[in-house]
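Structure record follows, encoded as structure tokens.
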Amino acid sequence: MTTFSVIVTALDAQGYLRECLDSALALPAEGVEVIAVDNGSTDATRAIVDEYAERDDRVHAVHLPKPLPTGAAREIAAKQAKGDYLLFIDGRDCLTEGSLSALAQRIAGTGEPDVVVFDHVRSHWWNDAIASGDGRLFIAPGREVFSVYQQPETLHLTPTVSNRVLRADFYEAHRELFDKDEYAEVLPAIGSLLAADRIAILDKVCLRRREPETPVRERGQFNLFEQYDALWELLGRRSVLPEHRAIVFSGMIRRYLKVLTLPGPDEREQAAFFHRASEHFLRYKPHGYQRPSNLNGVRHAMLERNSYSGYRALQSANRKRRTVRTLAVKAKRKAVDLAKESAYREQLRHPIEEDLAVFSAYWDRGVTCSPAAISAKLAELAPNIRQVWVVRRADVPLVPAGVDYVVPGSRRYWSVMARAKYLVNNVNFPDSVTKRPGQIHVQTHHGTPLKRMGTDQIPFPATSRGVDYEALLERCARWDYSVSANSHSTETWERAYPVPFTSLDYGYPRNDVYYTATAEDVLRIRERLGIAPGRKALLYAPTHRDYEAAWTPRLDLERMARNLGEDFVLLVRGHYFYDRGLSPLEELHRRGLIIDVSRYDSVEELGLASDALITDYSSVMFDYANLDRPIVVFADDWETYSVTRGVYFDLTELSPGAVGRTQQEMERLFLDGGWRDEHATAKRAEFRRRFCDFDDGHAAERVVRHVFLGQANVPPVIPLEQRTPAPAPELAAELVLPAR
């Protein structure tokens with residue numbers, strides 16, 4: 001039986017690594033080991049590697065103290081490999097179903113070749129399955145086993161070691177090919193084909209390879225020359241045809257020209273790279289070489305003449321030509337934008353005010369959520385920083401006394417948006433807002449994701465149709481910091497919003513109150529809401545559905561209130577997307593059957609006042625779990641919601657408590673005690689372990705100290721078992737009422 005060592009190298013891959021490791025471990029268990037290399041990561045990659053190694057003895061963890069070139073990291077792992085064949089993949093890639101089984105069959109059927117190459121697809125946020133372009137090479141290789149000297153066109157394969165498996169002793173005999181790829185995998189990819197005597201092809205897509213979202217030219221670019229020198233030396237030792245040299249040469253020049261188009265180092269380094277590329281052009285130009293007849297031929301000519309000034313002139317001319325071509329299309333839109341934002345453009349000329357911070361939440365709906373918690377802590381720790389809130393005109397009456405605010409679109413609004421050092425929001429600021437150098441954007445988000453978010457929504461057109469994802473990512477690219485409540489969110493945000501930002505794994509500031517509130521606070525809020533002493537307050541907070549234009553409660557609230565009786569009271573909060581048209585709640589509230597809290601300004605206070613939460617798929621469940629109070633999920637349309645909206649996990653399996661699918665089941669859970677029995681309590685404990693790992697009451701302080709005060713060492717997160725949430729209403733009454 002053929003055995004495999006799947007070597008996964010991961011550098012800051014927390015958003016993708018679970019999918020990668022799961023794809024390898026989902027393959028037949030016999031004869032498979034996974035060596036997971038944390039390549040000096042600074043995110044949760046290390047913890048994920050350890051987690052998998054602890055729960056599955058097929059996974060072996062390797063931790064490197066600092067990042068190494070991928071080849072060097074692979075080499076360290078390969079020394080530990082015990083498999084007959086080695087497969088190298090990145091922590092952002094994943095294997096397809098049945099890939100190792102198919103490879104094992106191919107290896108057995110071809111007499112254990114040196115190399116077996118297979119097809120792959122490329123993955124970007126906008127498309128999860130872009131053809132590799134190698135398909136034509138897999139149609140009819142002509143022989144069961146061959147070498148590139150018999151099939152030169154094989155050298156056209158995508159140059160990566162991830163699209164092949166290598167026999168372990170072949171790898172051992174040619175180690176010098178595999179540890180020098182600091183910039184690209186040219187030497188190991190092409191070199192392994194040139195060195196192999198026996199190659200087999202498997203015409204199957206075995207890998208989904210994630211491409212970098214924003215390619216850049218890093219300083220390691222000069223390593224390409226070293227790799228190609230080694231390749232040409234290898235070619236010199238083998239009996240090759242002119243066709244082989246022509247293929248390697250054309251690929252080399254194509255790659256050098258590609259590097260020159262990428263954004264990167266300064267002009268001096270670009271010129272140095274060009275001159276080195278020209279030197280290689282002249283040194284390795286094969287006999288009979290003919291320059292391409294298209295525009296690339298002109299670029300070849302510039303390299304051959306070592307004319308960097310000519311190359312720059314050519315590139316400049318092309319850019320001007322493209323500019324002229326698109327200018328007419330953009331002119332009308334630009335004129336409109338300029339007219340609308342003339343005041344803003346004027347303000348952008350002024351210096352940034354280092355002591356000014358702008359806050360907004362829920363599309364300017366008021367002073368709330370995590371931005372409000374950060375604002376309050378900032379006033380305490382850094383009172384010298386002036387704060388201004390953006391509040392839409394309809395919500396101005398709700399602004400607390402003493403809070404400075406601006407209305408969107410006003411002259412002062414454009415002034416503070418242009419001049420503020422800090423901009424804090426739980427959603428994105430409008431497209432019209434420019435991210436100036438020196439400004440700091442803090443994205444707090446407004447919930448832990450159960451439903452698919454960002455680019456993860458693309459496979460679900462029922463809810464994502466019409467979304468401009470490029471514009472979305474342009475908005476997200478303004479983030480400097482992304483505040484996270486738990487490791488699930490941290491990993492999801494990285495994958496769903498593939499733009500550069502720093503994750504602050506500090507907890508959600510809005511949840512701090514769940515640990516800082518006192519028994520007196522709990523009773524005071526209940527009294528304000530009109531909850532009679534001794535009654536169990538059930539907070540019903542459903543989410544919205546993309547396939548519903550208006551909201552009608554899915555529970556028959558009148559029936560439920562009557563059937564549960566005087567022991568319970570329903571606090572009902574409609575989703576803010578439906579902030580108009582909640583008349584069913586108003587009528588029930590007027591009749592005393594429920595308490596309508598849809599317009600109550602603080603969801604967190606409602607959580608503190610309640611004895612239990614009823615929700616469907618709202619992210620409020622993740623926040624409420626911090627209180628360690630019962631949560632009941634009403635999942636009557638789970639199948640429709642999960643298929644239409646897309647979700648990250650099955651809530652009916654990984655629920656925070658009891659689950660009801662019908663009105664009758666929901667009522668029975670409360671009448672029979674199932675809402676807080678041992679099973680529900682155990683489910684809640686597991687849910688809290690998964691999703692309350694960062695929230696401990698000090699999130700806002702950490703954000704303020706890190707972002708606004710520049711302190712590197714912020715208070716560490718308190719372990720879950722050492723936290724004490726605010727007392728539940730029954731306990732609060734025992735603590736306070738005797739003292740009164």
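Quick note on naming: the chains in the structure tokens go A, B, ... in the order shown, residues restart at 1 in each chain, and ligands are numbered from 1 in order of appearance.
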Selection near Asp637 (chain A), 9 Å with only C-alpha atoms, sequence-local residues under 4 positions removed, as a PyMOL selection string: chain A and resi 641-642+661
If you count only C-alpha atoms, which residues fall within 12 Å of Cys692 (chain A), apart from same-chain ones fewer than 6 positions away, as a compact mmCIF listing (two decimals) with C-alpha atoms, in the first residue's frame?
# COMPACT_ATOMS: atom_id res chain seq x y z
CA THR A 448 -20.12 36.83 15.34
CA SER A 484 -12.72 40.11 17.00
CA ALA A 485 -14.82 38.44 19.70
CA ASN A 486 -13.55 34.89 19.18
CA SER A 487 -11.20 32.78 17.09
CA HIS A 488 -14.05 31.72 14.79
CA SER A 489 -14.61 35.37 13.86
CA ASP A 505 -8.33 39.44 19.28
CA TYR A 506 -9.57 41.37 22.29
CA GLY A 507 -13.31 40.58 22.50
CA TYR A 508 -16.28 42.74 21.54
CA ASN A 511 -19.97 42.72 25.63
CA ASP A 512 -17.83 44.18 28.44
CA TYR A 514 -21.91 41.43 30.63
CA MET A 621 -26.77 34.43 20.80
CA PHE A 622 -22.95 34.62 20.72
CA ASP A 623 -22.95 37.76 22.85
CA TYR A 624 -25.63 36.51 25.24
CA ALA A 625 -23.69 33.28 25.83
CA ASN A 626 -21.23 35.36 27.86
CA LEU A 627 -23.94 35.68 30.54
CA ASP A 628 -24.09 31.88 30.85
CA PRO A 656 -26.16 27.11 22.50
CA ARG A 684 -24.38 26.05 26.31
CA ALA A 685 -21.09 25.19 28.00
CA GLU A 686 -19.65 23.79 24.77
CA VAL A 717 -7.59 37.82 28.16
CA ILE A 718 -8.86 36.19 31.34
CA PRO A 719 -9.47 32.43 30.90
CA LEU A 720 -13.13 31.50 30.55
CA GLU A 721 -13.24 29.43 33.75
CA ARG A 723 -14.60 34.91 34.59
CA PRO A 725 -20.56 37.24 34.42
Selection near Ile48 (chain A), 10 Å with only C-alpha atoms, sequence-local residues under 6 positions removed, as an MDAnalysis selection string: chainID A and resid 13:14 17:18 21 36 38 54 61 487
Residues as selected, C-alpha atoms, written as a PDB file, in the first residue's frame, can you do that?
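Written out: out31.pdb:
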ATOM      1  CA  ALA A  13      -3.184  31.228   7.402  1.00  0.00           C
ATOM      2  CA  GLN A  14      -5.710  31.124  10.233  1.00  0.00           C
ATOM      3  CA  LEU A  17      -5.985  26.362   7.621  1.00  0.00           C
ATOM      4  CA  ARG A  18      -8.910  24.422   9.066  1.00  0.00           C
ATOM      5  CA  LEU A  21      -6.280  20.280   7.203  1.00  0.00           C
ATOM      6  CA  ALA A  36       1.599  20.820   9.641  1.00  0.00           C
ATOM      7  CA  ASP A  38       3.514  26.775  11.511  1.00  0.00           C
ATOM      8  CA  GLU A  54      -3.887  16.936  19.748  1.00  0.00           C
ATOM      9  CA  ALA A  61       2.941  19.781  14.480  1.00  0.00           C
ATOM     10  CA  SER A 487     -11.196  32.783  17.089  1.00  0.00           C
TER      11      SER A 487
END
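Neighbouring residues of region 612-620 of chain A at 7 Å or closer, counting only C-alpha atoms and skipping chain neighbours under 4 positions away, are Gly447, Thr448, Pro449, Leu450, Ala537, Leu538, Leu539, Tyr540, Ala541, Pro542, Thr543, Tyr624, Arg629, Pro630, Ile631, Val632, Val633, Phe634 and Ala635 of chain A.
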Save out the residues we just selected, N, CA and C atoms, as a PDB file, in the first residue's frame.
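Result file follows (selection.pdb):
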ATOM      1  N   GLY A 447     -21.220  41.565  15.209  1.00  0.00           N
ATOM      2  CA  GLY A 447     -21.722  40.240  15.534  1.00  0.00           C
ATOM      3  C   GLY A 447     -20.792  39.150  15.067  1.00  0.00           C
ATOM      4  N   THR A 448     -20.854  38.021  15.764  1.00  0.00           N
ATOM      5  CA  THR A 448     -20.118  36.828  15.343  1.00  0.00           C
ATOM      6  C   THR A 448     -20.864  36.185  14.182  1.00  0.00           C
ATOM      7  N   PRO A 449     -20.175  35.813  13.117  1.00  0.00           N
ATOM      8  CA  PRO A 449     -20.876  35.323  11.924  1.00  0.00           C
ATOM      9  C   PRO A 449     -21.330  33.863  12.023  1.00  0.00           C
ATOM     10  N   LEU A 450     -22.639  33.673  11.966  1.00  0.00           N
ATOM     11  CA  LEU A 450     -23.217  32.361  11.669  1.00  0.00           C
ATOM     12  C   LEU A 450     -23.495  32.294  10.178  1.00  0.00           C
ATOM     13  N   ALA A 537     -38.214  36.682  32.531  1.00  0.00           N
ATOM     14  CA  ALA A 537     -38.228  37.516  31.321  1.00  0.00           C
ATOM     15  C   ALA A 537     -37.512  36.784  30.196  1.00  0.00           C
ATOM     16  N   LEU A 538     -38.224  36.509  29.109  1.00  0.00           N
ATOM     17  CA  LEU A 538     -37.661  35.825  27.943  1.00  0.00           C
ATOM     18  C   LEU A 538     -37.462  36.851  26.834  1.00  0.00           C
ATOM     19  N   LEU A 539     -36.229  37.106  26.473  1.00  0.00           N
ATOM     20  CA  LEU A 539     -35.911  38.061  25.408  1.00  0.00           C
ATOM     21  C   LEU A 539     -35.983  37.348  24.066  1.00  0.00           C
ATOM     22  N   TYR A 540     -36.950  37.708  23.235  1.00  0.00           N
ATOM     23  CA  TYR A 540     -37.096  37.129  21.896  1.00  0.00           C
ATOM     24  C   TYR A 540     -36.505  38.114  20.894  1.00  0.00           C
ATOM     25  N   ALA A 541     -35.364  37.740  20.288  1.00  0.00           N
ATOM     26  CA  ALA A 541     -34.638  38.632  19.373  1.00  0.00           C
ATOM     27  C   ALA A 541     -34.290  37.875  18.100  1.00  0.00           C
ATOM     28  N   PRO A 542     -35.212  37.812  17.143  1.00  0.00           N
ATOM     29  CA  PRO A 542     -34.927  37.112  15.883  1.00  0.00           C
ATOM     30  C   PRO A 542     -34.122  37.977  14.929  1.00  0.00           C
ATOM     31  N   THR A 543     -33.481  37.334  13.955  1.00  0.00           N
ATOM     32  CA  THR A 543     -32.753  38.063  12.922  1.00  0.00           C
ATOM     33  C   THR A 543     -33.673  38.322  11.735  1.00  0.00           C
ATOM     34  N   TYR A 624     -24.858  36.892  24.060  1.00  0.00           N
ATOM     35  CA  TYR A 624     -25.633  36.511  25.242  1.00  0.00           C
ATOM     36  C   TYR A 624     -25.006  35.319  25.959  1.00  0.00           C
ATOM     37  N   ARG A 629     -26.473  32.225  30.603  1.00  0.00           N
ATOM     38  CA  ARG A 629     -27.887  32.024  30.893  1.00  0.00           C
ATOM     39  C   ARG A 629     -28.512  31.219  29.754  1.00  0.00           C
ATOM     40  N   PRO A 630     -29.657  30.580  29.977  1.00  0.00           N
ATOM     41  CA  PRO A 630     -30.246  29.707  28.949  1.00  0.00           C
ATOM     42  C   PRO A 630     -30.536  30.431  27.636  1.00  0.00           C
ATOM     43  N   ILE A 631     -30.306  29.714  26.542  1.00  0.00           N
ATOM     44  CA  ILE A 631     -30.609  30.188  25.190  1.00  0.00           C
ATOM     45  C   ILE A 631     -31.413  29.104  24.495  1.00  0.00           C
ATOM     46  N   VAL A 632     -32.524  29.482  23.883  1.00  0.00           N
ATOM     47  CA  VAL A 632     -33.358  28.542  23.140  1.00  0.00           C
ATOM     48  C   VAL A 632     -33.427  29.017  21.694  1.00  0.00           C
ATOM     49  N   VAL A 633     -33.141  28.112  20.768  1.00  0.00           N
ATOM     50  CA  VAL A 633     -33.124  28.440  19.342  1.00  0.00           C
ATOM     51  C   VAL A 633     -34.424  27.972  18.693  1.00  0.00           C
ATOM     52  N   PHE A 634     -35.120  28.890  18.035  1.00  0.00           N
ATOM     53  CA  PHE A 634     -36.323  28.548  17.260  1.00  0.00           C
ATOM     54  C   PHE A 634     -35.906  28.438  15.799  1.00  0.00           C
ATOM     55  N   ALA A 635     -35.795  27.203  15.303  1.00  0.00           N
ATOM     56  CA  ALA A 635     -35.230  26.936  13.973  1.00  0.00           C
ATOM     57  C   ALA A 635     -36.275  26.353  13.037  1.00  0.00           C
TER      58      ALA A 635
END
All helix (DSSP H, G or I) positions in region 419-532 of chain A, as a ChimeraX atom specification: /A:419,454-457,461-464,469-476,487-496,509-511,513-516,519-529
Within 7 Å of region 248-261 of chain A using only C-alpha atoms, minus same-chain residues under 4 positions, as a ChimeraX atom specification: /A:217,244,270,277,285
Contacts of Val442 (chain A) at 12 Å (only C-alpha atoms; same-chain gap of 6+ positions) as JSON, numbers by chain: {"A": [357, 358, 359, 360, 361, 370, 371, 374, 421, 422, 423, 424, 425, 426, 427, 428, 429, 435, 476, 477, 478, 479, 480, 481, 482, 483, 484, 501, 502, 503, 504, 703, 704, 706, 707, 708]}
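CA of Leu348 (chain A) to CA of Ser432 (chain A) spans 12.4 Å [interatomic distance, one decimal].
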Backbone-only DSSP, strand (DSSP E or B) members of region 224-443 of chain A, as an NGL selection string: :A and (353-359 or 386-390 or 405-406 or 420-425 or 440-443)
CA of Leu187 (chain A) to CA of Arg209 (chain A), straight-line distance in Å: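 CA of Leu187 (chain A) lies 19.0 Å from CA of Arg209 (chain A).
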Computed interatomic separation between CA of Asn163 (chain A) and CA of Leu202 (chain A) (Å): 10.2 Å
For Ala81 (chain A): contacts at 9 Å, only C-alpha atoms, fewer than 5 positions along chain excluded, given as a list in words: Phe4, Ser5, Val6, Ile7, Glu33, Val34, Ile35, Leu86 and Ala168 of chain A
How close does region 419-519 of chain A get to region 729-738 of chain A? List, as CSV, each residue of region 419-519 of chain A within 12 Å, its nearest atom pair and the distance in Å to one decimal, counting only C-alpha atoms.
residue,atom,partner,partner_atom,distance
A:Ala517,CA,A:Ala732,CA,10.7
A:Thr518,CA,A:Ala732,CA,8.0
A:Ala519,CA,A:Ala732,CA,4.5
Selected residue of minimal separation from Pro113 (chain A) among A:Glu491, A:Ala196, A:Tyr52, A:Glu182, counting only C-alpha atoms: A:Ala196
A:Gln290, A:Ser602, A:Thr3, A:Gln151 ranked by distance to Val165 (chain A), top pick (using only C-alpha atoms):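 Checking each candidate against Val165 (chain A), we get A:Thr3 as the closest.
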